[in-house]
$ cat run10.txt   # compact mmCIF, C-alpha atoms
# COMPACT_ATOMS: atom_id res chain seq x y z
CA MET A 1 229.23 -37.62 -25.67
CA THR A 2 227.83 -40.72 -24.00
CA GLY A 3 230.76 -43.12 -23.82
CA VAL A 4 234.39 -43.88 -24.65
CA PRO A 5 235.43 -44.55 -28.27
CA ALA A 6 236.41 -48.12 -29.02
CA SER A 7 239.89 -47.06 -30.07
CA ALA A 8 240.46 -45.35 -26.75
CA ALA A 9 239.07 -48.28 -24.79
CA GLY A 10 241.74 -50.70 -25.86
CA GLY A 11 242.14 -50.80 -29.60
CA THR A 12 239.79 -53.59 -30.61
CA GLY A 13 236.65 -52.26 -28.95
CA ARG A 14 235.72 -55.82 -27.81
CA THR A 15 236.65 -55.42 -24.16
CA PRO A 16 235.69 -52.22 -22.35
CA ALA A 17 238.44 -50.50 -20.46
CA PRO A 18 238.42 -50.82 -16.67
CA GLY A 19 236.14 -48.26 -15.14
CA GLY A 20 234.43 -47.65 -18.48
CA LYS A 21 231.00 -47.36 -16.91
CA LEU A 22 232.34 -45.05 -14.23
CA GLY A 23 233.95 -42.89 -16.89
CA ALA A 24 230.73 -42.65 -18.87
CA ALA A 25 228.83 -41.72 -15.73
CA ALA A 26 231.36 -39.00 -14.96
CA VAL A 27 230.94 -37.57 -18.45
CA ASN A 28 227.15 -37.54 -18.08
CA GLN A 29 227.41 -35.92 -14.66
CA ALA A 30 229.72 -33.22 -16.01
CA SER A 31 227.38 -32.55 -18.94
CA LEU A 32 224.48 -32.02 -16.51
CA TRP A 33 226.33 -29.65 -14.18
CA ASN A 34 227.31 -27.13 -16.82
CA ILE A 35 227.02 -23.35 -16.54
CA ALA A 36 223.88 -23.17 -18.68
CA ASN A 37 221.99 -25.66 -16.48
CA ILE A 38 223.25 -23.97 -13.31
CA LEU A 39 221.83 -20.64 -14.50
CA THR A 40 218.52 -22.36 -15.23
CA MET A 41 218.46 -23.84 -11.72
CA ILE A 42 219.21 -20.40 -10.26
CA ARG A 43 216.09 -19.10 -12.00
CA LEU A 44 214.01 -21.87 -10.51
CA VAL A 45 215.37 -21.15 -7.02
CA LEU A 46 214.64 -17.44 -7.45
CA VAL A 47 210.91 -18.01 -7.98
CA PRO A 48 209.82 -18.59 -4.35
CA GLY A 49 212.13 -15.82 -3.10
CA PHE A 50 210.70 -13.43 -5.68
CA VAL A 51 207.13 -14.26 -4.62
CA MET A 52 207.90 -13.69 -0.92
CA LEU A 53 209.55 -10.34 -1.64
CA LEU A 54 206.72 -9.15 -3.88
CA LEU A 55 203.97 -10.11 -1.43
CA ALA A 56 205.82 -8.95 1.72
CA ASP A 57 203.78 -6.57 3.90
CA GLY A 58 200.76 -7.02 1.69
CA GLY A 59 202.70 -6.01 -1.42
CA TYR A 60 202.79 -2.33 -0.49
CA ASP A 61 206.38 -1.96 0.69
CA PRO A 62 208.35 -0.11 -2.04
CA ALA A 63 211.67 -1.43 -0.72
CA MET A 64 210.52 -5.06 -0.83
CA ARG A 65 209.13 -4.56 -4.31
CA ALA A 66 212.46 -3.09 -5.40
CA TRP A 67 214.19 -6.24 -4.15
CA ALA A 68 211.56 -8.33 -5.92
CA TRP A 69 212.31 -6.43 -9.12
CA ALA A 70 216.03 -7.19 -8.65
CA ALA A 71 215.27 -10.92 -8.36
CA PHE A 72 213.04 -10.73 -11.42
CA ALA A 73 215.73 -8.88 -13.39
CA VAL A 74 218.35 -11.50 -12.48
CA ALA A 75 215.97 -14.23 -13.67
CA MET A 76 215.41 -12.45 -16.99
CA ILE A 77 219.14 -11.89 -17.52
CA THR A 78 220.03 -15.51 -16.76
CA ASP A 79 217.32 -16.54 -19.24
CA ILE A 80 219.23 -14.71 -21.96
CA PHE A 81 222.64 -16.10 -21.06
CA ASP A 82 221.84 -19.75 -20.37
CA GLY A 83 220.36 -20.30 -23.81
CA HIS A 84 223.22 -18.44 -25.50
CA LEU A 85 225.84 -20.42 -23.59
CA ALA A 86 224.12 -23.73 -24.27
CA ARG A 87 224.03 -23.11 -28.02
CA THR A 88 227.48 -21.52 -28.31
CA TYR A 89 229.41 -24.11 -26.30
CA ASN A 90 227.28 -27.16 -27.14
CA LEU A 91 225.96 -27.51 -23.59
CA VAL A 92 222.45 -28.55 -24.62
CA THR A 93 221.14 -31.38 -22.39
CA ASP A 94 217.81 -33.14 -21.95
CA PHE A 95 217.53 -31.53 -18.52
CA GLY A 96 218.05 -28.08 -20.01
CA LYS A 97 215.46 -28.66 -22.74
CA ILE A 98 212.85 -29.41 -20.07
CA ALA A 99 213.94 -27.15 -17.20
CA ASP A 100 214.64 -23.99 -19.22
CA PRO A 101 211.06 -23.41 -20.47
CA ILE A 102 209.70 -24.42 -17.06
CA ALA A 103 211.91 -21.82 -15.37
CA ASP A 104 210.81 -19.17 -17.88
CA LYS A 105 207.12 -19.88 -17.36
CA ALA A 106 207.52 -20.17 -13.58
CA ILE A 107 209.06 -16.73 -12.98
CA MET A 108 206.78 -14.95 -15.45
CA GLY A 109 203.67 -16.80 -14.29
CA ALA A 110 204.47 -16.11 -10.63
CA ALA A 111 204.95 -12.41 -11.35
CA LEU A 112 201.72 -12.05 -13.33
CA ILE A 113 199.59 -14.00 -10.85
CA CYS A 114 200.98 -12.09 -7.85
CA LEU A 115 200.43 -8.74 -9.59
CA SER A 116 196.83 -9.69 -10.34
CA LEU A 117 196.31 -10.86 -6.74
CA LEU A 118 197.56 -7.46 -5.57
CA GLY A 119 195.16 -5.72 -7.95
CA ASP A 120 197.94 -4.08 -9.95
CA LEU A 121 197.31 -5.99 -13.17
CA PRO A 122 193.93 -7.05 -14.65
CA TRP A 123 193.32 -10.77 -14.51
CA TRP A 124 192.44 -10.91 -18.21
CA VAL A 125 195.98 -9.77 -19.06
CA THR A 126 197.45 -12.52 -16.91
CA GLY A 127 195.05 -15.02 -18.45
CA VAL A 128 195.91 -14.10 -22.05
CA ILE A 129 199.68 -14.31 -21.48
CA LEU A 130 199.60 -17.54 -19.47
CA PHE A 131 197.18 -19.20 -21.89
CA ARG A 132 199.48 -18.37 -24.78
CA GLU A 133 202.66 -19.52 -23.02
CA LEU A 134 201.20 -22.78 -21.73
CA GLY A 135 199.45 -23.47 -25.02
CA ILE A 136 202.62 -22.99 -27.05
CA THR A 137 204.56 -25.21 -24.65
CA LEU A 138 202.05 -28.02 -25.18
CA MET A 139 202.17 -27.45 -28.93
CA ARG A 140 205.95 -27.84 -28.88
CA PHE A 141 205.48 -31.36 -27.54
CA TRP A 142 202.80 -31.95 -30.19
CA VAL A 143 205.19 -31.30 -33.08
CA ILE A 144 208.57 -32.10 -31.52
CA ARG A 145 208.98 -35.39 -33.42
CA HIS A 146 208.51 -33.54 -36.69
CA GLY A 147 211.01 -30.79 -35.98
CA VAL A 148 211.69 -27.63 -33.97
CA ILE A 149 210.37 -24.19 -34.83
CA PRO A 150 213.17 -21.65 -34.35
CA ALA A 151 212.61 -18.54 -32.26
CA SER A 152 211.41 -15.68 -34.44
CA ARG A 153 212.26 -12.02 -34.15
CA GLY A 154 208.67 -11.39 -33.09
CA GLY A 155 208.98 -13.99 -30.36
CA LYS A 156 212.13 -12.34 -29.05
CA LEU A 157 210.43 -8.94 -29.07
CA LYS A 158 207.48 -10.49 -27.24
CA THR A 159 209.76 -11.84 -24.52
CA LEU A 160 211.50 -8.48 -24.18
CA ALA A 161 208.20 -6.59 -24.00
CA GLN A 162 206.73 -9.01 -21.46
CA GLY A 163 209.81 -8.85 -19.25
CA THR A 164 210.04 -5.06 -19.42
CA ALA A 165 206.34 -4.48 -18.78
CA THR A 166 206.12 -7.01 -15.94
CA GLY A 167 209.25 -5.59 -14.34
CA MET A 168 207.72 -2.10 -14.46
CA TYR A 169 204.59 -3.40 -12.73
CA VAL A 170 206.68 -5.10 -10.05
CA LEU A 171 208.20 -1.74 -9.15
CA ALA A 172 206.00 0.67 -7.20
CA LEU A 173 205.82 3.25 -9.98
CA THR A 174 203.63 6.34 -9.93
CA GLY A 175 202.86 9.26 -12.24
CA PRO A 176 203.99 9.19 -15.89
CA LEU A 177 205.98 5.97 -15.39
CA ALA A 178 202.83 4.20 -14.19
CA THR A 179 201.08 5.36 -17.37
CA LEU A 180 204.03 4.26 -19.50
CA ARG A 181 204.01 0.76 -18.07
CA PHE A 182 200.35 0.40 -19.12
CA TRP A 183 201.27 1.05 -22.74
CA VAL A 184 204.32 -1.22 -22.59
CA MET A 185 202.10 -4.01 -21.27
CA ALA A 186 199.58 -3.30 -24.04
CA VAL A 187 202.35 -3.80 -26.62
CA ALA A 188 203.40 -7.01 -24.85
CA VAL A 189 199.83 -8.37 -24.97
CA VAL A 190 199.50 -7.61 -28.69
CA LEU A 191 202.84 -9.28 -29.44
CA THR A 192 201.83 -12.23 -27.27
CA VAL A 193 198.66 -12.84 -29.28
CA VAL A 194 200.19 -12.19 -32.73
CA THR A 195 203.27 -14.36 -32.21
CA GLY A 196 201.14 -17.07 -30.62
CA LEU A 197 198.90 -17.28 -33.68
CA ASP A 198 201.95 -17.33 -35.95
CA TYR A 199 203.46 -20.17 -33.91
CA VAL A 200 200.24 -22.18 -34.25
CA ARG A 201 200.36 -21.67 -38.02
CA GLN A 202 204.00 -22.80 -38.21
CA ALA A 203 203.32 -25.81 -35.99
CA ILE A 204 200.44 -26.97 -38.19
CA VAL A 205 202.54 -26.60 -41.35
CA LEU A 206 205.48 -28.43 -39.75
CA ARG A 207 203.30 -31.30 -38.59
CA ARG A 208 201.68 -31.68 -42.01
CA LYS A 209 205.08 -31.76 -43.70
CA GLY A 210 206.35 -34.28 -41.15
CA ILE A 211 203.36 -36.59 -41.66
CA ALA A 212 203.69 -36.28 -45.45
CA ALA A 213 207.40 -37.16 -45.24
CA GLN A 214 206.65 -40.19 -43.08
CA ARG A 215 204.02 -41.42 -45.50
CA ALA A 216 206.38 -40.90 -48.44
CA ALA A 217 209.13 -42.82 -46.64
CA GLY A 218 206.71 -45.63 -45.83
CA GLY A 219 205.57 -45.81 -49.44
CA SER A 220 209.12 -45.93 -50.79
CA ALA A 221 209.98 -48.68 -48.32
CA LEU A 222 207.19 -50.78 -49.74

$ encode --input "run10.txt" --output "structure tokens"
Amino acid sequence: MTGVPASAAGGTGRTPAPGGKLGAAAVNQASLWNIANILTMIRLVLVPGFVMLLLADGGYDPAMRAWAWAAFAVAMITDIFDGHLARTYNLVTDFGKIADPIADKAIMGAALICLSLLGDLPWWVTGVILFRELGITLMRFWVIRHGVIPASRGGKLKTLAQGTATGMYVLALTGPLATLRFWVMAVAVVLTVVTGLDYVRQAIVLRRKGIAAQRAAGGSAL
């Protein structure tokens, strides 16, 4: 909603009601400060705090890493709810479209890079995941004028596996749990690569269809 209907403004729609601009601005302001966007902003604010907690005392303090895991868990949970709320209650905004994926990549990227800096996670794992996430983000912009590719079940499983595995690495686990987190991360890496390739395929198909539709529309206009 970007303005006031003509019928509400005065009947004829020729003369805007007093304070019409102010009213429109208030509506836009309210649409920005909705619960979905607030949760996204919380995730962004959590990133520097998470990094400080994870790297505190050289990254070897189990208590600090437990707090870092708590911050990471909150970020992952808000990621689930902000998207659901935005879609369910029609709270989708331009800010949310841009900030939400940035917040997702920021918290996950910060966790992976810090874990590799601490020597807990191989750099190639961090590289594969970040390359996929950044590459897909750029590809979204490449095809956005042709349409949007919906999230697949594989993509949702990938996100769950990445979050679970990274969270297990953030915690100072030992013994069988440390072995388990290796295999969970292995599953996450496989899903990351497979779903990334599938997204590339869908993006190429979508772009070809979009270009074909534009050419057909141009031809019919002639």

$ axis_aligned_box --input "run10.txt" --around "region 162-180 of chain A" --padding-each-side "4 Å" --output "JSON"
{"center_x": 205.6, "center_y": 0.1, "center_z": -14.3, "size_x": 17.0, "size_y": 26.3, "size_z": 22.3}

$ residues_around --input "run10.txt" --residues "Thr195 (chain A)" --least-positions-apart "2" --cutoff "9 Å" --atoms "all atoms listed in the file" --output "MDAnalysis selection string"
chainID A and resid 152 154:155 158 190:193 197:200

$ write_last_selection --input "run10.txt" --atoms "C-alpha atoms" --output "short mmCIF file (atom, residue, chain, number, x, y, z; two decimals), in the coordinates of the input"
data_model
loop_
_atom_site.label_atom_id
_atom_site.label_comp_id
_atom_site.auth_asym_id
_atom_site.auth_seq_id
_atom_site.Cartn_x
_atom_site.Cartn_y
_atom_site.Cartn_z
CA SER A 152 211.41 -15.68 -34.44
CA GLY A 154 208.67 -11.39 -33.09
CA GLY A 155 208.98 -13.99 -30.36
CA LYS A 158 207.48 -10.49 -27.24
CA VAL A 190 199.50 -7.61 -28.69
CA LEU A 191 202.84 -9.28 -29.44
CA THR A 192 201.83 -12.23 -27.27
CA VAL A 193 198.66 -12.84 -29.28
CA LEU A 197 198.90 -17.28 -33.68
CA ASP A 198 201.95 -17.33 -35.95
CA TYR A 199 203.46 -20.17 -33.91
CA VAL A 200 200.24 -22.18 -34.25
#

$ residues_around --input "run10.txt" --residues "region 167-178 of chain A" --least-positions-apart "6" --cutoff "8 Å" --atoms "all atoms listed in the file" --output "PyMOL selection string"
chain A and resi 54+62+65-66+68-69+72-73+111+115+120-121

$ closest_residue --input "run10.txt" --among "A:Val143, A:Ala103, A:Leu39, A:Ala75" --to "Arg207 (chain A)" --atoms "only C-alpha atoms"
A:Val143

$ residues_near_point --input "run10.txt" --point "(204.5, -0.8, -28.1)" --cutoff "12 Å" --atoms "all atoms listed in the file" --output "number ranges by chain"
A: 157-158, 160-162, 164-165, 180-192

$ closest_residue --input "run10.txt" --among "A:Ile102, A:Cys114, A:Ala86, A:Val194" --to "Val128 (chain A)" --atoms "only C-alpha atoms"
A:Val194

$ residues_around --input "run10.txt" --residues "His84 (chain A)" --least-positions-apart "5" --cutoff "9 Å" --atoms "only C-alpha atoms" --output "list in words"
Ala36, Asp79 and Tyr89 of chain A

$ residues_around --input "run10.txt" --residues "region 43-46 of chain A" --least-positions-apart "3" --cutoff "10 Å" --atoms "all atoms listed in the file" --output "mmCIF file with C-alpha atoms, keeping the file's coordinate frame"
data_model
loop_
_atom_site.group_PDB
_atom_site.id
_atom_site.type_symbol
_atom_site.label_atom_id
_atom_site.label_comp_id
_atom_site.auth_asym_id
_atom_site.auth_seq_id
_atom_site.Cartn_x
_atom_site.Cartn_y
_atom_site.Cartn_z
ATOM 1 C CA ASN A 37 221.990 -25.660 -16.480
ATOM 2 C CA ILE A 38 223.250 -23.970 -13.310
ATOM 3 C CA LEU A 39 221.830 -20.640 -14.500
ATOM 4 C CA THR A 40 218.520 -22.360 -15.230
ATOM 5 C CA GLY A 49 212.130 -15.820 -3.100
ATOM 6 C CA PHE A 50 210.700 -13.430 -5.680
ATOM 7 C CA VAL A 51 207.130 -14.260 -4.620
ATOM 8 C CA ALA A 68 211.560 -8.330 -5.920
ATOM 9 C CA ALA A 71 215.270 -10.920 -8.360
ATOM 10 C CA PHE A 72 213.040 -10.730 -11.420
ATOM 11 C CA VAL A 74 218.350 -11.500 -12.480
ATOM 12 C CA ALA A 75 215.970 -14.230 -13.670
ATOM 13 C CA MET A 76 215.410 -12.450 -16.990
ATOM 14 C CA ILE A 77 219.140 -11.890 -17.520
ATOM 15 C CA THR A 78 220.030 -15.510 -16.760
ATOM 16 C CA ASP A 79 217.320 -16.540 -19.240
ATOM 17 C CA ALA A 99 213.940 -27.150 -17.200
ATOM 18 C CA ASP A 100 214.640 -23.990 -19.220
ATOM 19 C CA ILE A 102 209.700 -24.420 -17.060
ATOM 20 C CA ALA A 103 211.910 -21.820 -15.370
ATOM 21 C CA ASP A 104 210.810 -19.170 -17.880
ATOM 22 C CA LYS A 105 207.120 -19.880 -17.360
ATOM 23 C CA ALA A 106 207.520 -20.170 -13.580
ATOM 24 C CA ILE A 107 209.060 -16.730 -12.980
#

$ atom_distance --input "run10.txt" --atom1 "CA of Leu130 (chain A)" --atom2 "CA of Leu118 (chain A)"
17.3 Å

$ atom_distance --input "run10.txt" --atom1 "CA of Ala203 (chain A)" --atom2 "CA of Phe141 (chain A)"
10.3 Å

$ atom_distance --input "run10.txt" --atom1 "CA of Leu55 (chain A)" --atom2 "CA of Ile80 (chain A)"
26.0 Å

$ closest_residue --input "run10.txt" --among "A:Met41, A:Gly127, A:Trp33, A:Ala70" --to "Pro101 (chain A)" --atoms "only C-alpha atoms"
A:Met41

$ closest_residue --input "run10.txt" --among "A:Gly147, A:Gly119, A:Gly109, A:Gly163" --to "Pro48 (chain A)" --atoms "all atoms listed in the file"
A:Gly109

$ decode --input "run10.txt" --residues "region 63-172 of chain A" --atoms "C-alpha atoms" --output "mmCIF file, in the first residue's frame"
data_model
loop_
_atom_site.group_PDB
_atom_site.id
_atom_site.type_symbol
_atom_site.label_atom_id
_atom_site.label_comp_id
_atom_site.auth_asym_id
_atom_site.auth_seq_id
_atom_site.Cartn_x
_atom_site.Cartn_y
_atom_site.Cartn_z
ATOM 1 C CA ALA A 63 31.804 -21.096 28.005
ATOM 2 C CA MET A 64 32.317 -18.326 25.434
ATOM 3 C CA ARG A 65 31.778 -20.783 22.617
ATOM 4 C CA ALA A 66 28.550 -21.926 24.263
ATOM 5 C CA TRP A 67 27.359 -18.308 24.293
ATOM 6 C CA ALA A 68 28.460 -17.967 20.680
ATOM 7 C CA TRP A 69 26.399 -21.042 19.831
ATOM 8 C CA ALA A 70 23.385 -19.451 21.562
ATOM 9 C CA ALA A 71 23.760 -16.316 19.414
ATOM 10 C CA PHE A 72 24.116 -18.463 16.301
ATOM 11 C CA ALA A 73 21.025 -20.493 17.238
ATOM 12 C CA VAL A 74 18.961 -17.328 17.743
ATOM 13 C CA ALA A 75 20.069 -16.103 14.311
ATOM 14 C CA MET A 76 19.058 -19.395 12.681
ATOM 15 C CA ILE A 77 15.669 -19.402 14.431
ATOM 16 C CA THR A 78 14.887 -15.806 13.459
ATOM 17 C CA ASP A 79 15.817 -16.728 9.880
ATOM 18 C CA ILE A 80 13.002 -19.280 9.895
ATOM 19 C CA PHE A 81 10.405 -16.996 11.441
ATOM 20 C CA ASP A 82 11.027 -13.733 9.588
ATOM 21 C CA GLY A 83 10.466 -15.311 6.187
ATOM 22 C CA HIS A 84 7.378 -17.169 7.398
ATOM 23 C CA LEU A 85 5.895 -14.035 8.945
ATOM 24 C CA ALA A 86 6.633 -11.935 5.871
ATOM 25 C CA ARG A 87 4.869 -14.381 3.561
ATOM 26 C CA THR A 88 1.965 -15.191 5.881
ATOM 27 C CA TYR A 89 1.054 -11.621 6.833
ATOM 28 C CA ASN A 90 2.097 -9.899 3.592
ATOM 29 C CA LEU A 91 4.996 -8.062 5.231
ATOM 30 C CA VAL A 92 7.344 -8.386 2.253
ATOM 31 C CA THR A 93 9.278 -5.141 1.657
ATOM 32 C CA ASP A 94 12.136 -4.083 -0.591
ATOM 33 C CA PHE A 95 14.308 -3.746 2.503
ATOM 34 C CA GLY A 96 13.498 -7.300 3.556
ATOM 35 C CA LYS A 97 14.241 -8.697 0.098
ATOM 36 C CA ILE A 98 17.745 -7.222 0.279
ATOM 37 C CA ALA A 99 18.537 -7.445 4.001
ATOM 38 C CA ASP A 100 17.267 -10.984 4.622
ATOM 39 C CA PRO A 101 19.743 -12.808 2.324
ATOM 40 C CA ILE A 102 22.534 -10.483 3.487
ATOM 41 C CA ALA A 103 21.810 -11.383 7.122
ATOM 42 C CA ASP A 104 21.758 -15.091 6.252
ATOM 43 C CA LYS A 105 25.090 -14.954 4.441
ATOM 44 C CA ALA A 106 26.649 -12.705 7.104
ATOM 45 C CA ILE A 107 26.033 -14.989 10.094
ATOM 46 C CA MET A 108 26.915 -18.180 8.217
ATOM 47 C CA GLY A 109 29.948 -16.639 6.532
ATOM 48 C CA ALA A 110 31.217 -15.200 9.822
ATOM 49 C CA ALA A 111 30.856 -18.582 11.529
ATOM 50 C CA LEU A 112 32.639 -20.519 8.774
ATOM 51 C CA ILE A 113 35.501 -18.029 8.421
ATOM 52 C CA CYS A 114 36.064 -17.843 12.195
ATOM 53 C CA LEU A 115 36.022 -21.640 12.502
ATOM 54 C CA SER A 116 38.600 -21.928 9.722
ATOM 55 C CA LEU A 117 40.748 -19.214 11.339
ATOM 56 C CA LEU A 118 40.664 -21.233 14.573
ATOM 57 C CA GLY A 119 41.693 -24.366 12.679
ATOM 58 C CA ASP A 120 38.483 -26.224 13.520
ATOM 59 C CA LEU A 121 37.162 -26.374 9.964
ATOM 60 C CA PRO A 122 39.159 -26.897 6.733
ATOM 61 C CA TRP A 123 39.337 -23.815 4.553
ATOM 62 C CA TRP A 124 38.175 -25.747 1.489
ATOM 63 C CA VAL A 125 34.849 -26.456 3.225
ATOM 64 C CA THR A 126 34.392 -22.771 3.966
ATOM 65 C CA GLY A 127 35.367 -21.925 0.400
ATOM 66 C CA VAL A 128 32.895 -24.350 -1.182
ATOM 67 C CA ILE A 129 29.954 -23.160 0.934
ATOM 68 C CA LEU A 130 30.689 -19.440 0.568
ATOM 69 C CA PHE A 131 31.324 -19.744 -3.172
ATOM 70 C CA ARG A 132 27.975 -21.462 -3.610
ATOM 71 C CA GLU A 133 26.039 -18.989 -1.461
ATOM 72 C CA LEU A 134 27.571 -15.881 -3.014
ATOM 73 C CA GLY A 135 27.306 -17.315 -6.510
ATOM 74 C CA ILE A 136 23.619 -18.136 -6.113
ATOM 75 C CA THR A 137 22.940 -14.678 -4.691
ATOM 76 C CA LEU A 138 24.491 -13.073 -7.776
ATOM 77 C CA MET A 139 22.541 -15.434 -10.008
ATOM 78 C CA ARG A 140 19.300 -14.346 -8.349
ATOM 79 C CA PHE A 141 19.989 -10.805 -9.523
ATOM 80 C CA TRP A 142 20.848 -12.179 -12.973
ATOM 81 C CA VAL A 143 17.407 -13.731 -13.466
ATOM 82 C CA ILE A 144 15.240 -11.603 -11.168
ATOM 83 C CA ARG A 145 13.543 -9.733 -14.035
ATOM 84 C CA HIS A 146 12.481 -13.038 -15.551
ATOM 85 C CA GLY A 147 11.028 -14.504 -12.375
ATOM 86 C CA VAL A 148 11.830 -16.006 -8.973
ATOM 87 C CA ILE A 149 12.907 -19.584 -8.378
ATOM 88 C CA PRO A 150 11.046 -20.930 -5.332
ATOM 89 C CA ALA A 151 12.950 -22.581 -2.503
ATOM 90 C CA SER A 152 13.175 -26.320 -3.076
ATOM 91 C CA ARG A 153 13.016 -29.085 -0.515
ATOM 92 C CA GLY A 154 16.683 -29.765 -1.193
ATOM 93 C CA GLY A 155 17.524 -26.138 -0.527
ATOM 94 C CA LYS A 156 15.695 -26.241 2.790
ATOM 95 C CA LEU A 157 17.523 -29.437 3.755
ATOM 96 C CA LYS A 158 20.797 -27.774 2.764
ATOM 97 C CA THR A 159 20.083 -24.818 5.040
ATOM 98 C CA LEU A 160 19.158 -27.129 7.914
ATOM 99 C CA ALA A 161 22.271 -29.265 7.437
ATOM 100 C CA GLN A 162 24.550 -26.225 7.194
ATOM 101 C CA GLY A 163 23.079 -24.640 10.311
ATOM 102 C CA THR A 164 23.221 -27.868 12.321
ATOM 103 C CA ALA A 165 26.763 -28.744 11.275
ATOM 104 C CA THR A 166 28.121 -25.221 11.789
ATOM 105 C CA GLY A 167 26.434 -24.994 15.174
ATOM 106 C CA MET A 168 28.066 -28.279 16.210
ATOM 107 C CA TYR A 169 31.469 -26.916 15.188
ATOM 108 C CA VAL A 170 30.875 -23.721 17.161
ATOM 109 C CA LEU A 171 30.409 -25.787 20.306
ATOM 110 C CA ALA A 172 33.560 -27.242 21.875
#
